[in-house]
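Below is structure.csv, holding CSV, C-alpha atoms.
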chain,number,residue,atom,x,y,z
A,1,MET,CA,19.1,-8.5,0.5
A,2,PRO,CA,20.0,-6.1,3.3
A,3,GLU,CA,19.2,-7.0,6.8
A,4,SER,CA,15.9,-5.1,6.6
A,5,ILE,CA,14.1,-3.0,4.1
A,6,ARG,CA,11.9,-0.1,5.3
A,7,ILE,CA,8.5,-0.1,3.5
A,8,ALA,CA,5.7,2.4,4.0
A,9,SER,CA,2.1,3.0,2.8
A,10,LEU,CA,-0.1,6.1,2.9
A,11,ASN,CA,-3.5,6.9,1.5
A,12,VAL,CA,-3.0,10.6,0.5
A,13,LYS,CA,-6.7,11.4,0.1
A,14,ARG,CA,-7.2,12.2,-3.6
A,15,LEU,CA,-4.0,14.1,-4.4
A,16,GLY,CA,-4.2,15.6,-7.9
A,17,ALA,CA,-1.9,17.5,-10.3
A,18,ARG,CA,-3.2,20.9,-9.2
A,19,GLU,CA,-2.4,20.4,-5.6
A,20,ARG,CA,1.4,21.0,-5.8
A,21,PRO,CA,1.8,22.7,-2.4
A,22,ARG,CA,0.1,19.7,-0.7
A,23,ALA,CA,2.2,17.3,-2.8
A,24,ALA,CA,5.3,19.2,-1.6
A,25,ARG,CA,4.2,18.8,2.0
A,26,ILE,CA,3.4,15.1,1.6
A,27,GLY,CA,6.8,14.6,-0.1
A,28,ALA,CA,8.5,16.2,2.9
A,29,PHE,CA,6.5,13.9,5.2
A,30,VAL,CA,7.4,10.8,3.1
A,31,ARG,CA,11.1,11.9,3.2
A,32,GLU,CA,10.9,11.8,7.0
A,33,LEU,CA,9.7,8.2,7.0
A,34,GLN,CA,13.1,7.2,5.5
A,35,SER,CA,11.7,4.3,3.6
A,36,ASP,CA,13.1,2.4,0.7
A,37,VAL,CA,9.7,1.8,-0.9
A,38,VAL,CA,6.4,3.8,-0.3
A,39,ALA,CA,3.0,2.9,-1.6
A,40,LEU,CA,0.6,5.8,-2.1
A,41,GLN,CA,-3.1,5.4,-2.7
A,42,GLU,CA,-5.6,7.9,-4.3
A,43,ILE,CA,-3.0,9.8,-6.2
A,44,GLY,CA,-2.5,11.0,-9.7
A,45,GLU,CA,0.6,10.2,-11.8
A,46,GLU,CA,1.8,13.8,-12.0
A,47,ALA,CA,1.2,14.2,-8.3
A,48,ALA,CA,3.1,11.0,-7.6
A,49,HIS,CA,6.2,12.4,-9.4
A,50,ASP,CA,5.9,15.6,-7.4
A,51,VAL,CA,5.8,13.7,-4.1
A,52,ALA,CA,8.7,11.6,-5.2
A,53,ALA,CA,10.8,14.6,-6.1
A,54,HIS,CA,10.2,16.2,-2.7
A,55,ALA,CA,10.8,12.9,-0.9
A,56,GLY,CA,14.1,12.2,-2.6
A,57,MET,CA,12.8,9.0,-4.3
A,58,ALA,CA,14.2,8.6,-7.7
A,59,HIS,CA,11.7,6.2,-9.3
A,60,VAL,CA,7.9,6.0,-9.6
A,61,THR,CA,5.7,3.1,-10.7
A,62,PHE,CA,2.1,4.2,-11.3
A,63,VAL,CA,-1.1,2.5,-12.6
A,64,GLY,CA,-4.3,4.5,-12.9
A,65,HIS,CA,-7.3,2.8,-11.5
A,66,ALA,CA,-10.0,5.4,-11.8
A,67,LEU,CA,-12.2,5.3,-15.0
A,68,SER,CA,-10.3,8.4,-16.2
A,69,GLY,CA,-6.9,6.8,-15.5
A,70,ARG,CA,-5.9,9.9,-13.6
A,71,ARG,CA,-5.9,8.4,-10.1
A,72,GLY,CA,-4.5,5.1,-8.8
A,73,VAL,CA,-1.7,3.6,-6.7
A,74,ALA,CA,1.9,4.7,-7.0
A,75,LEU,CA,5.0,3.0,-5.7
A,76,LEU,CA,7.9,5.3,-5.0
A,77,HIS,CA,11.3,3.5,-4.8
A,78,ARG,CA,15.0,4.4,-4.8
A,79,ALA,CA,16.2,1.9,-7.4
A,80,PRO,CA,14.6,1.3,-10.8
A,81,ALA,CA,12.0,-1.4,-11.2
A,82,ILE,CA,13.1,-4.6,-13.0
A,83,THR,CA,9.5,-5.2,-14.1
A,84,SER,CA,6.2,-3.6,-13.3
A,85,SER,CA,2.5,-4.2,-13.9
A,86,GLY,CA,-0.9,-3.4,-12.5
A,87,VAL,CA,-4.6,-3.2,-13.3
A,88,ARG,CA,-7.9,-1.7,-12.3
A,89,ILE,CA,-9.9,-4.2,-10.2
A,90,ALA,CA,-13.4,-2.8,-10.0
A,91,ALA,CA,-16.0,-4.7,-7.9
A,92,ARG,CA,-18.8,-2.2,-8.4
A,93,VAL,CA,-19.9,0.3,-11.1
A,94,GLY,CA,-17.6,3.4,-10.9
A,95,ASP,CA,-15.2,1.8,-8.5
A,96,ASP,CA,-11.6,3.1,-8.8
A,97,LYS,CA,-9.6,0.4,-7.0
A,98,GLY,CA,-6.7,-1.8,-8.1
A,99,PHE,CA,-3.1,-2.7,-7.7
A,100,THR,CA,0.4,-1.6,-8.8
A,101,ARG,CA,3.3,-4.0,-8.8
A,102,ALA,CA,7.0,-3.6,-9.1
A,103,VAL,CA,9.9,-6.0,-8.8
A,104,LEU,CA,12.9,-4.3,-7.1
A,105,ARG,CA,16.4,-5.5,-6.4
A,106,PHE,CA,17.9,-5.2,-3.0
A,107,GLY,CA,21.5,-6.4,-2.8
A,108,ASP,CA,21.6,-9.7,-4.5
A,109,ARG,CA,17.9,-10.6,-4.2
A,110,GLU,CA,14.7,-9.5,-5.8
A,111,LEU,CA,11.5,-8.5,-4.0
A,112,GLU,CA,8.0,-8.2,-5.5
A,113,ILE,CA,6.1,-5.2,-4.1
A,114,VAL,CA,2.3,-5.0,-4.6
A,115,GLY,CA,0.6,-1.8,-3.6
A,116,MET,CA,-3.1,-1.9,-3.6
A,117,HIS,CA,-6.4,-0.2,-2.7
A,118,LEU,CA,-9.5,-2.3,-2.0
A,119,ASP,CA,-13.2,-1.4,-1.9
A,120,TRP,CA,-14.4,0.6,1.1
A,121,LEU,CA,-18.1,-0.4,0.9
A,122,SER,CA,-18.3,-4.1,1.5
A,123,ARG,CA,-16.3,-7.2,2.4
A,124,ARG,CA,-17.9,-9.1,-0.4
A,125,ALA,CA,-16.6,-6.6,-2.9
A,126,ARG,CA,-13.1,-6.8,-1.4
A,127,LEU,CA,-13.2,-10.6,-1.6
A,128,VAL,CA,-14.0,-10.4,-5.3
A,129,GLN,CA,-11.1,-8.0,-5.8
A,130,ILE,CA,-8.7,-10.3,-3.9
A,131,GLU,CA,-9.7,-13.2,-6.1
A,132,ARG,CA,-9.0,-11.2,-9.2
A,133,ILE,CA,-5.7,-9.8,-7.9
A,134,ALA,CA,-4.5,-13.3,-7.0
A,135,ARG,CA,-5.5,-14.5,-10.5
A,136,ALA,CA,-3.6,-11.6,-12.1
A,137,LEU,CA,-0.5,-12.0,-10.0
A,138,GLY,CA,-0.2,-15.8,-9.8
A,139,ALA,CA,1.7,-17.6,-7.2
A,140,PRO,CA,4.8,-15.8,-5.9
A,141,SER,CA,8.1,-16.8,-7.6
A,142,ILE,CA,10.2,-14.5,-5.4
A,143,PRO,CA,9.5,-13.0,-1.9
A,144,ARG,CA,6.4,-10.8,-2.0
A,145,VAL,CA,5.2,-7.9,0.0
A,146,ALA,CA,1.6,-6.7,-0.3
A,147,LEU,CA,0.6,-3.4,1.3
A,148,GLY,CA,-1.9,-0.6,1.1
A,149,ASP,CA,-5.3,0.6,2.1
A,150,LEU,CA,-7.3,-2.7,2.5
A,151,ASN,CA,-10.3,-1.0,4.1
A,152,ALA,CA,-10.2,-4.1,6.2
A,153,MET,CA,-11.2,-3.8,9.8
A,154,THR,CA,-14.4,-2.7,11.3
A,155,LEU,CA,-14.6,-1.1,14.7
A,156,ARG,CA,-16.5,-4.1,16.0
A,157,THR,CA,-13.7,-6.4,15.0
A,158,TRP,CA,-11.1,-4.3,16.5
A,159,ALA,CA,-13.0,-4.1,19.8
A,160,ARG,CA,-13.0,-7.9,20.0
A,161,GLY,CA,-9.2,-7.7,20.1
A,162,GLU,CA,-8.8,-9.6,16.8
A,163,THR,CA,-5.6,-8.7,14.8
A,164,ALA,CA,-7.1,-9.4,11.3
A,165,ASP,CA,-10.5,-9.6,9.7
A,166,GLU,CA,-11.8,-11.7,6.9
A,167,THR,CA,-10.4,-9.4,4.2
A,168,VAL,CA,-6.8,-9.5,5.6
A,169,ILE,CA,-6.9,-13.3,6.1
A,170,ALA,CA,-8.3,-13.9,2.6
A,171,LEU,CA,-5.6,-11.6,1.1
A,172,ALA,CA,-2.9,-13.4,2.9
A,173,LEU,CA,-4.1,-16.9,1.8
A,174,ALA,CA,-4.7,-15.8,-1.8
A,175,LEU,CA,-1.3,-14.0,-2.3
A,176,GLY,CA,0.9,-16.4,-0.3
A,177,VAL,CA,1.8,-13.8,2.3
A,178,ARG,CA,1.3,-13.7,6.1
A,179,THR,CA,-0.3,-11.2,8.4
A,180,PRO,CA,1.8,-9.5,11.0
A,181,GLY,CA,1.5,-10.6,14.6
A,182,LYS,CA,0.0,-7.3,15.6
A,183,THR,CA,-1.0,-4.1,13.8
A,184,SER,CA,-2.5,-0.7,14.9
A,185,PRO,CA,-5.4,1.5,13.8
A,186,THR,CA,-4.6,4.0,11.1
A,187,PHE,CA,-7.9,5.8,10.4
A,188,PRO,CA,-8.8,8.6,11.0
A,189,SER,CA,-5.3,9.9,11.3
A,190,HIS,CA,-6.0,12.5,14.0
A,191,ALA,CA,-7.5,9.8,16.3
A,192,PRO,CA,-7.0,6.3,14.8
A,193,ARG,CA,-9.8,3.8,15.5
A,194,TRP,CA,-9.8,1.4,12.5
A,195,ALA,CA,-6.9,-0.6,11.1
A,196,LEU,CA,-7.5,0.0,7.4
A,197,ASP,CA,-3.8,0.0,6.2
A,198,TRP,CA,-1.7,-3.1,6.3
A,199,VAL,CA,1.7,-4.6,5.3
A,200,LEU,CA,1.8,-8.4,4.6
A,201,ALA,CA,4.9,-10.3,3.6
A,202,SER,CA,6.0,-13.8,2.4
A,203,PRO,CA,6.6,-16.3,5.2
A,204,GLU,CA,10.4,-16.3,4.5
A,205,LEU,CA,10.6,-12.6,5.1
A,206,GLY,CA,10.8,-11.1,8.6
A,207,LEU,CA,8.1,-8.5,9.3
A,208,SER,CA,8.6,-6.4,12.4
A,209,GLU,CA,8.5,-3.0,14.0
A,210,ILE,CA,5.2,-1.9,12.4
A,211,GLU,CA,4.8,1.8,13.2
A,212,VAL,CA,1.8,4.1,12.6
A,213,VAL,CA,2.7,7.7,11.9
A,214,PRO,CA,-0.2,10.2,12.0
A,215,THR,CA,-0.3,13.2,9.7
A,216,ALA,CA,-2.6,16.2,9.2
A,217,LEU,CA,-2.0,15.9,5.4
A,218,SER,CA,-4.5,13.0,5.0
A,219,ASP,CA,-7.4,11.3,6.7
A,220,HIS,CA,-5.1,8.2,7.0
A,221,ALA,CA,-2.0,7.8,9.1
A,222,ALA,CA,1.0,6.2,7.4
A,223,ILE,CA,2.1,2.7,8.2
A,224,VAL,CA,5.8,1.7,8.2
A,225,ALA,CA,7.3,-1.7,8.5
A,226,GLU,CA,10.8,-3.3,8.6
A,227,VAL,CA,10.9,-6.3,6.2
A,228,GLY,CA,13.9,-8.5,5.9
I'd like the structure from this file rewritten - as structure tokens, please.
Amino acid sequence: MPESIRIASLNVKRLGARERPRAARIGAFVRELQSDVVALQEIGEEAAHDVAAHAGMAHVTFVGHALSGRRGVALLHRAPAITSSGVRIAARVGDDKGFTRAVLRFGDRELEIVGMHLDWLSRRARLVQIERIARALGAPSIPRVALGDLNAMTLRTWARGETADETVIALALALGVRTPGKTSPTFPSHAPRWALDWVLASPELGLSEIEVVPTALSDHAAIVAEVG
């Protein structure tokens, strides 16, 4: 594996196939992040391919999580996936959340990337989703990175100076990954107050230089991390 891999995540705020101009702008923004892997939430499959083309990312792994299957989580990556999977993990009626997984090769090692979107309404629903995701994935057999919109931190938690709430801690324990030593708010993008978006990695992986990059193209800022 190279010294470090640059990994990013962005909730694109319901990007569909008919929004090609916005997809092009998001693709240009993603290109500027200069990441090896990017997880995108609230995106359609066709839109994901549009963003990837404009971002210069050759490969897309997509799983639809909405009831229609037209919106979900996409992983954009420069090398083809060795294997991929994913499923809708609904905690409430009409929920459109889930995860998308890809195993990618970096140098002589493999890395499991899990992009996800968890429920926005309640911690209890998120804990149910985490349990189901852990059951679907199983214990990690190779280094794992879990990232995405976890809808995790309340303003009250952030004000207390805590770096992770119950959702993040539960996810780390369930998936065999660790929380970063520090993160920053990502929502809303124009004036971030809540740390909703996270990158978590296996203990054997370094996780550093977490950066928040605001954008007017979504209500979330992007989060970027160096993993190695």
Using all atoms listed in the file, pick whichever of A:Ala139, A:Ile223, A:Leu40, A:Leu121 has the shortest atom-to-atom distance to Pro185 (chain A). A:Ile223
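Closest approach to Arg14 (chain A) among A:Val224, A:Ile142, A:Ile43, A:Val93: A:Ile43, based on all atoms listed in the file.
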List the spatial neighbours of Ala102 (chain A) as a PDB file with C-alpha atoms, keeping the file's coordinate frame - criterion: any atom at most 8 Å away, only C-alpha atoms, same-chain residues fewer than 6 positions off excluded.
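Just written: result_15.pdb:
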ATOM      1  CA  THR A  61       5.700   3.100 -10.700  1.00  0.00           C
ATOM      2  CA  LEU A  75       5.000   3.000  -5.700  1.00  0.00           C
ATOM      3  CA  ALA A  81      12.000  -1.400 -11.200  1.00  0.00           C
ATOM      4  CA  ILE A  82      13.100  -4.600 -13.000  1.00  0.00           C
ATOM      5  CA  THR A  83       9.500  -5.200 -14.100  1.00  0.00           C
ATOM      6  CA  SER A  84       6.200  -3.600 -13.300  1.00  0.00           C
ATOM      7  CA  SER A  85       2.500  -4.200 -13.900  1.00  0.00           C
ATOM      8  CA  GLU A 112       8.000  -8.200  -5.500  1.00  0.00           C
ATOM      9  CA  ILE A 113       6.100  -5.200  -4.100  1.00  0.00           C
ATOM     10  CA  VAL A 114       2.300  -5.000  -4.600  1.00  0.00           C
TER      11      VAL A 114
END
Give me, please, the distance in Å between CA of Ser218 (chain A) and CA of Gln34 (chain A), quoted to one decimal.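 Taking CA of Ser218 (chain A) as the start and CA of Gln34 (chain A) as the end point, the length is 18.5 Å.
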Tell me which protein, DNA and RNA residues are within 12 Å of Leu127 (chain A), counting all atoms listed in the file, leaving out same-chain ones fewer than 2 positions away, and put them as a count of residues only. 30
Pick out the residues sitting within 6 Å of region 192-208 of chain A, and hand them over as a PDB file with C-alpha atoms, in the frame of the given file; count all atoms listed in the file, and ignore anything fewer than 4 positions along from it in its own chain.
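The resulting file, result.pdb, is reproduced below:
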ATOM      1  CA  PRO A 143       9.500 -13.000  -1.900  1.00  0.00           C
ATOM      2  CA  ARG A 144       6.400 -10.800  -2.000  1.00  0.00           C
ATOM      3  CA  VAL A 145       5.200  -7.900   0.000  1.00  0.00           C
ATOM      4  CA  ALA A 146       1.600  -6.700  -0.300  1.00  0.00           C
ATOM      5  CA  LEU A 147       0.600  -3.400   1.300  1.00  0.00           C
ATOM      6  CA  GLY A 148      -1.900  -0.600   1.100  1.00  0.00           C
ATOM      7  CA  ASP A 149      -5.300   0.600   2.100  1.00  0.00           C
ATOM      8  CA  LEU A 150      -7.300  -2.700   2.500  1.00  0.00           C
ATOM      9  CA  ASN A 151     -10.300  -1.000   4.100  1.00  0.00           C
ATOM     10  CA  ALA A 152     -10.200  -4.100   6.200  1.00  0.00           C
ATOM     11  CA  MET A 153     -11.200  -3.800   9.800  1.00  0.00           C
ATOM     12  CA  LEU A 155     -14.600  -1.100  14.700  1.00  0.00           C
ATOM     13  CA  VAL A 177       1.800 -13.800   2.300  1.00  0.00           C
ATOM     14  CA  ARG A 178       1.300 -13.700   6.100  1.00  0.00           C
ATOM     15  CA  THR A 179      -0.300 -11.200   8.400  1.00  0.00           C
ATOM     16  CA  SER A 184      -2.500  -0.700  14.900  1.00  0.00           C
ATOM     17  CA  PRO A 185      -5.400   1.500  13.800  1.00  0.00           C
ATOM     18  CA  THR A 186      -4.600   4.000  11.100  1.00  0.00           C
ATOM     19  CA  PHE A 187      -7.900   5.800  10.400  1.00  0.00           C
ATOM     20  CA  PRO A 188      -8.800   8.600  11.000  1.00  0.00           C
ATOM     21  CA  GLU A 226      10.800  -3.300   8.600  1.00  0.00           C
ATOM     22  CA  VAL A 227      10.900  -6.300   6.200  1.00  0.00           C
ATOM     23  CA  GLY A 228      13.900  -8.500   5.900  1.00  0.00           C
TER      24      GLY A 228
END
Take CA of Ala28 (chain A) and CA of Leu67 (chain A) and report the distance between them in Å, one decimal.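 Those two atoms sit 29.5 Å apart.
For the atom pair formed by CA of Ala24 (chain A) and CA of Ala53 (chain A), the distance is 8.5 Å, given to one decimal.
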If you count all atoms listed in the file, which residues fall within 12 Å of Glu32 (chain A), apart from same-chain ones fewer than 2 positions away, as a ChimeraX atom specification? /A:8,25-30,34-36,38,54-57,213,215,222,224
Using only C-alpha atoms, which residues sit within 10 Å of Lys13 (chain A) once same-chain residues fewer than 3 positions away are excluded, as JSON, numbers by chain? {"A": [10, 16, 40, 41, 42, 43, 217, 218, 219, 220]}
Deliver the residues from the most recent selection as a file, using C-alpha atoms, as a CSV table (one decimal), keeping the file's coordinate frame.
chain,number,residue,atom,x,y,z
A,10,LEU,CA,-0.1,6.1,2.9
A,16,GLY,CA,-4.2,15.6,-7.9
A,40,LEU,CA,0.6,5.8,-2.1
A,41,GLN,CA,-3.1,5.4,-2.7
A,42,GLU,CA,-5.6,7.9,-4.3
A,43,ILE,CA,-3.0,9.8,-6.2
A,217,LEU,CA,-2.0,15.9,5.4
A,218,SER,CA,-4.5,13.0,5.0
A,219,ASP,CA,-7.4,11.3,6.7
A,220,HIS,CA,-5.1,8.2,7.0
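Ranking A:Ala66, A:Val87, A:Ala23, A:Ala216 by their shortest atom-to-atom distance to Ala52 (chain A), with only C-alpha atoms included, puts A:Ala23 first.
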I'd like to know which of A:Arg88, A:His59, A:His77, A:Lys182 is closest to Phe106 (chain A), using all atoms listed in the file. A:His77
So, with only C-alpha atoms as the atoms that count, which of A:Ala47, A:Val37, A:Leu175, A:Ala58 lies closest to Glu19 (chain A)?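 Using only C-alpha atoms, Glu19 (chain A) sits closest to A:Ala47.
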